[in-house]
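Working notes, beginning with the structure itself.
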Amino acid sequence: MNLLIMGLPGAGKGTQAAKIVEEFGVAHISTGDMFRAAMANQTEMGVLAKSYIDKGELVPDEVTNGIVKERLAQADIKEKGFLLDGYPRTIEQAHALDEILTDLDLVLDGVINIDVDPNSLLERLSGRIIHKKTGETFHKVFNPPADYNEEDYYQREDDKPETVKRRLDVNIAQGAPIIEHYRSQNLVYDIRGNQEIGDVFKDIEKVLMNLK
Ligand code: AP5
Ligand code: MG
């Protein structure tokens, strides 16, 4: 299966992606995770990405399209399928993805759109904690780890309230035409994101069982 998962910052894309990967075995491709890895390694691209991410702005399309194309061209994708998380995020990226998929002879099977009330997102992002060793995402209140020990977890730099506000504005402004692009191809499955994590996954599971 070749899938996209879409939703505003904090909608639960990464949380649900981990569950989808576990059950369906697709390759998880998160542009945000790729940029954070490059930032941690201080590569040239990482330094460039950081200058945008820290302000809550989008990394330029040429850079993002390039890393996605390179990843989708790898051999495991044809075998496992993919789940793109956080891409495309501009209509230009959606058009670039159409071309990339045609070039690589890949077809998109569905777009999971996690629909959430934007008012709940600040609370989700300010409470998000990530396990240093495994990279697993939790929430201090909504999804606490069993053995919470503050020094084993970190918070994302761009989860500060002032950056979150900008991220939400940018994503709300860019998101509608992308969803419309895929709706016109009957590829979109709307999922109610303001439910418990396990219930959101049950709804996604039903959709994917039918797509398989
Ligand atoms: P990216 O890393 O993609 O961030 P984002 O889109 O802002 O989304 P998040 O990862 O913050 O949220 P999520 O939906 O994955 O939520 P999560 O599951 O963690 O991108 C970061 C930056 O990189 C961008 O701002 C941009 O600068 C750059 N970038 C990335 N892609 C780009 C692109 N294509 N083009 C240009 N620039 C790009 O959940 C959040 C929290 O809520 C967690 O604590 C979780 O435990 C909790 N939670 C999850 N589900 C629920 C639930 N149902 N109920 C209660 N709590 C929940
Ligand atoms: Mg994420």
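Residue numbering restarts at 1 for every chain of the structure tokens, chains are lettered A, B, ... in their displayed order, and ligands are numbered from 1 as they appear.
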Compute the set of protein, DNA and RNA residues whose minimum atom distance to ligand 1 is at most 7 Å, using only C-alpha atoms and all ligand atoms, and state it as a ChimeraX atom specification. /A:7-16,30-33,35,52-53,56-61,64,85-89,124-125,127-129,137-139,142-143,167,193-197,200
So which residues of region 2-210 of chain A fall under strand (DSSP E) by DSSP, listed as a PyMOL selection string? chain A and resi 2-6+27-30+82-85+110-115+128-131+137-139+153-154+188-192
Would you mind exporting N, CA and C atoms of the selected residues as a compact mmCIF listing (two decimals), in the first residue's frame?
# COMPACT_ATOMS: atom_id res chain seq x y z
N ASN A 2 0.46 2.22 -0.79
CA ASN A 2 1.18 3.50 -0.85
C ASN A 2 0.25 4.59 -0.33
N LEU A 3 0.64 5.20 0.80
CA LEU A 3 -0.29 6.07 1.53
C LEU A 3 0.33 7.39 1.92
N LEU A 4 -0.57 8.38 2.12
CA LEU A 4 -0.17 9.63 2.77
C LEU A 4 -0.95 9.74 4.06
N ILE A 5 -0.33 10.35 5.09
CA ILE A 5 -1.08 10.70 6.29
C ILE A 5 -0.96 12.21 6.46
N MET A 6 -2.12 12.87 6.55
CA MET A 6 -2.13 14.33 6.62
C MET A 6 -2.86 14.79 7.88
N ALA A 27 6.85 1.39 4.70
CA ALA A 27 7.99 2.22 5.12
C ALA A 27 7.47 3.60 5.53
N HIS A 28 7.85 4.04 6.73
CA HIS A 28 7.43 5.36 7.23
C HIS A 28 8.41 6.41 6.74
N ILE A 29 7.90 7.38 5.98
CA ILE A 29 8.77 8.46 5.48
C ILE A 29 8.23 9.77 6.03
N SER A 30 8.88 10.28 7.08
CA SER A 30 8.47 11.55 7.69
C SER A 30 9.52 12.59 7.34
N PHE A 82 4.69 2.54 1.05
CA PHE A 82 5.16 3.65 1.88
C PHE A 82 4.02 4.40 2.55
N LEU A 83 4.37 5.10 3.62
CA LEU A 83 3.45 6.01 4.31
C LEU A 83 4.18 7.34 4.46
N LEU A 84 3.81 8.31 3.63
CA LEU A 84 4.43 9.63 3.71
C LEU A 84 3.74 10.45 4.80
N ASP A 85 4.52 11.00 5.71
CA ASP A 85 3.98 11.74 6.88
C ASP A 85 4.57 13.16 6.85
N GLY A 110 -4.19 5.76 -1.08
CA GLY A 110 -5.11 6.48 -0.21
C GLY A 110 -4.43 7.57 0.59
N VAL A 111 -5.25 8.53 1.04
CA VAL A 111 -4.77 9.65 1.86
C VAL A 111 -5.58 9.65 3.16
N ILE A 112 -4.89 9.44 4.26
CA ILE A 112 -5.57 9.45 5.56
C ILE A 112 -5.49 10.88 6.08
N ASN A 113 -6.67 11.48 6.26
CA ASN A 113 -6.72 12.88 6.69
C ASN A 113 -7.21 12.93 8.14
N ILE A 114 -6.31 13.20 9.07
CA ILE A 114 -6.72 13.26 10.48
C ILE A 114 -7.23 14.66 10.77
N ASP A 115 -8.54 14.70 11.01
CA ASP A 115 -9.23 15.97 11.20
C ASP A 115 -9.33 16.27 12.70
N ARG A 128 4.03 17.19 24.57
CA ARG A 128 4.67 16.07 23.86
C ARG A 128 6.08 15.83 24.42
N ILE A 129 6.40 14.59 24.66
CA ILE A 129 7.75 14.20 25.09
C ILE A 129 8.21 13.03 24.22
N ILE A 130 9.51 13.01 23.93
CA ILE A 130 10.05 11.98 23.03
C ILE A 130 11.16 11.24 23.77
N HIS A 131 11.10 9.91 23.71
CA HIS A 131 12.10 9.09 24.39
C HIS A 131 13.44 9.22 23.67
N THR A 137 7.23 8.64 20.67
CA THR A 137 6.53 9.85 21.11
C THR A 137 5.47 9.52 22.16
N PHE A 138 5.43 10.34 23.21
CA PHE A 138 4.41 10.20 24.26
C PHE A 138 3.83 11.58 24.56
N HIS A 139 2.90 11.61 25.50
CA HIS A 139 2.36 12.88 26.00
C HIS A 139 2.28 12.80 27.51
N TYR A 153 13.76 11.77 28.47
CA TYR A 153 12.88 12.31 27.43
C TYR A 153 13.31 13.73 27.07
N TYR A 154 12.96 14.15 25.84
CA TYR A 154 13.20 15.55 25.46
C TYR A 154 11.95 16.13 24.80
N VAL A 188 -9.28 10.46 -0.54
CA VAL A 188 -9.19 10.93 0.85
C VAL A 188 -10.13 10.16 1.78
N TYR A 189 -9.59 9.73 2.92
CA TYR A 189 -10.36 9.10 3.99
C TYR A 189 -10.25 9.99 5.22
N ASP A 190 -11.38 10.60 5.63
CA ASP A 190 -11.37 11.50 6.77
C ASP A 190 -11.51 10.71 8.06
N ILE A 191 -10.64 11.00 9.00
CA ILE A 191 -10.62 10.29 10.28
C ILE A 191 -10.81 11.32 11.39
N ARG A 192 -11.67 11.02 12.35
CA ARG A 192 -11.90 11.94 13.47
C ARG A 192 -10.73 11.84 14.44
Using DSSP secondary structure from the backbone, list all helix (DSSP H, G or I) positions within region 10-202 of chain A, as number ranges by chain. A: 13-24, 31-40, 44-53, 61-72, 76-80, 91-104, 118-126, 150-152, 157-159, 161-183, 197-202
For ligand 2, which residue out of A:Glu23, A:Ile179, A:Ser126, A:Arg156 is the nearest one, using only C-alpha atoms and all ligand atoms?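 Of A:Glu23, A:Ile179, A:Ser126, A:Arg156, the one nearest ligand 2 is A:Arg156, counting only C-alpha atoms and all ligand atoms.
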Test item: residues at most 9 Å from Leu168 (chain A), only C-alpha atoms, excluding those fewer than 3 positions along its chain, as a ChimeraX atom specification: /A:8-9,56,118,121,163-165,171-173
Nearest to ligand 2: which of A:Gly198, A:Gly135, A:Gly175, A:Pro145 is it, counting only C-alpha atoms and all ligand atoms? A:Gly135
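When only C-alpha atoms are used to compute distances to Ala73 (chain A), the closest of the residues A:Val26, A:Val116, A:Val21, A:Leu104 turns out to be A:Leu104.
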Judged by only C-alpha atoms and all ligand atoms, the minimum distance to ligand 2 among A:Lys80, A:Glu136, A:Lys160, A:Arg166 is found for A:Glu136
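Straight-line separation from CA of Pro161 (chain A) to CA of Leu122 (chain A): 7.1 Å.
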Shortest contact to ligand 2, candidates A:Ala49, A:Ile67, A:Asp159, A:Val170, atoms counted only C-alpha atoms and all ligand atoms, goes to A:Asp159
Point out the residue among A:Phe24, A:Lys19, A:Gly46, A:Asn119 with the least atom-to-atom distance to Met209 (chain A), counting only C-alpha atoms.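 Nearest candidate to Met209 (chain A) out of A:Phe24, A:Lys19, A:Gly46, A:Asn119: A:Phe24.
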